[in-house]
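Engineer: Dropping the structure in here first, questions after.
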Amino acid sequence: MLAQKTKTSTATMALVKSGEFTSKKERPQIHSACREGSLKSRLQCKSLRSTRGLCFEELSQWSLSLEKLITSKYGTKIFEAFLKSEFSDENIEFWLVCEEYKKIRSSLRKTYRAQKIFKQYIQADAPREINIDHKTRDLIRRNVKIGGAGCFDEAQRIIYGLMEKDSYPRFLRSDIYRAFLDSV
């Protein structure tokens with residue numbers, strides 16, 4: 001009975017509070033599943049509440065490539081929720097922070113932001129440390145001192161590759177992605 005309830009909570013949780021995915025009759029069941037579900041279910045519910053307007057065409061594009069997934073507003077949110085459930089959301093966070101970093105025009109702001117990114121994701125024992133090799137870490141340490149738009153490019157390439165080969169295929173097989181596909 002408990003296993004069936006958990007399975008139901010996980011499936012309904014993925015339909016999350018949006019009128020696009022559920023009828024008014026189903027919404028109380030989803031609200032209840034979000035409140036009563038596991039921590040993983042509640043995290044996913046919280047992250048996915050703003051997915052109104054998502055259509056089958058967009059969802060199906062996500063299965064073509066990681067790039068299609070993370071260039072989609074909803075895809076990024078849903079993928080991030082999935083990575084949170086697997087305790088590896090630092091990867092997408094880092095990748096997105098690097099994309100924002102590249103847009104900074106002020107050299108002073110860019111230098112400050114580079115140091116902040118380094119402390120948060122790159123340095124050994126950083127709070128959100130990403131999985132990169134020592135050689136890349138040292139290269140970034142030198143690049144941050146010099147500054148420049150591309151100082152995180154190598155780490156970003158590595159993290160993208162990790163997500164593409166590991167997290168992304170698991171996402172496509174996940175209950176959360178399948179529930180969204182089934183609901184539209």
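In the structure tokens, chains take letters A, B, ... by order of appearance, with residues numbered from 1 within each chain and ligands from 1 in the order shown.
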Set the distance at 10 Å and use only C-alpha atoms: which residues neighbour Ile132 (chain A) once local chain neighbours fewer than 2 positions away are removed? I'd like the list as an NGL selection string.
Structural biologist: :A and (121-122 or 129-130 or 134-137 or 154-156 or 158-159 or 162)
Engineer: What would the file look like if the residues just selected were written as a tab-separated table (two decimals), in the first residue's frame with N, CA and C atoms?
Structural biologist:
chain	number	residue	atom	x	y	z
A	121	TYR	N	32.32	27.34	-6.79
A	121	TYR	CA	32.24	26.10	-7.56
A	121	TYR	C	33.59	25.43	-7.86
A	122	ILE	N	34.68	26.17	-7.89
A	122	ILE	CA	35.94	25.63	-8.42
A	122	ILE	C	36.95	25.25	-7.34
A	129	GLU	N	31.14	22.63	-5.00
A	129	GLU	CA	32.26	22.17	-5.82
A	129	GLU	C	31.81	21.23	-6.94
A	130	ILE	N	32.27	21.54	-8.14
A	130	ILE	CA	31.97	20.70	-9.30
A	130	ILE	C	33.11	19.70	-9.49
A	134	HIS	N	42.33	18.30	-11.48
A	134	HIS	CA	43.25	19.25	-10.85
A	134	HIS	C	43.87	20.20	-11.89
A	135	LYS	N	44.21	19.68	-13.05
A	135	LYS	CA	44.81	20.49	-14.12
A	135	LYS	C	43.87	21.62	-14.55
A	136	THR	N	42.60	21.31	-14.72
A	136	THR	CA	41.61	22.31	-15.10
A	136	THR	C	41.41	23.33	-13.98
A	137	ARG	N	41.38	22.85	-12.76
A	137	ARG	CA	41.23	23.73	-11.59
A	137	ARG	C	42.37	24.76	-11.54
A	154	GLU	N	36.76	25.91	-20.11
A	154	GLU	CA	37.18	24.51	-20.03
A	154	GLU	C	36.34	23.75	-18.99
A	155	ALA	N	36.14	24.34	-17.83
A	155	ALA	CA	35.32	23.69	-16.80
A	155	ALA	C	33.88	23.56	-17.28
A	156	GLN	N	33.38	24.58	-17.94
A	156	GLN	CA	32.02	24.53	-18.45
A	156	GLN	C	31.87	23.42	-19.50
A	158	ILE	N	33.66	20.66	-19.64
A	158	ILE	CA	33.72	19.38	-18.91
A	158	ILE	C	32.38	19.07	-18.25
A	159	ILE	N	31.80	20.06	-17.58
A	159	ILE	CA	30.53	19.87	-16.89
A	159	ILE	C	29.40	19.58	-17.87
A	162	LEU	N	29.75	16.01	-18.82
A	162	LEU	CA	29.27	15.13	-17.75
A	162	LEU	C	27.75	15.05	-17.75
Engineer: Would you mind telling me which residue in A:Ala149, A:Glu67, A:Gln123, A:Ser72 lies nearest to Arg105 (chain A) when using only C-alpha atoms?
Structural biologist: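 Selected residue with least distance to Arg105 (chain A): A:Ala149.
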Engineer: Using only C-alpha atoms, which residues sit within 10 Å of Gly147 (chain A) once same-chain residues fewer than 2 positions away are excluded, as a ChimeraX atom specification?
Structural biologist: /A:107-108,110-115,140-145,149-152
Engineer: Report, in Å with one decimal, the straight-line distance from CA of Arg128 (chain A) to CA of Phe180 (chain A).
Structural biologist: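 Computing the Euclidean distance for CA of Arg128 (chain A) and CA of Phe180 (chain A) yields 28.8 Å.
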Engineer: Hey, can you check how far CA of Phe94 (chain A) sits from CA of Arg173 (chain A)?
Structural biologist: 23.4 Å
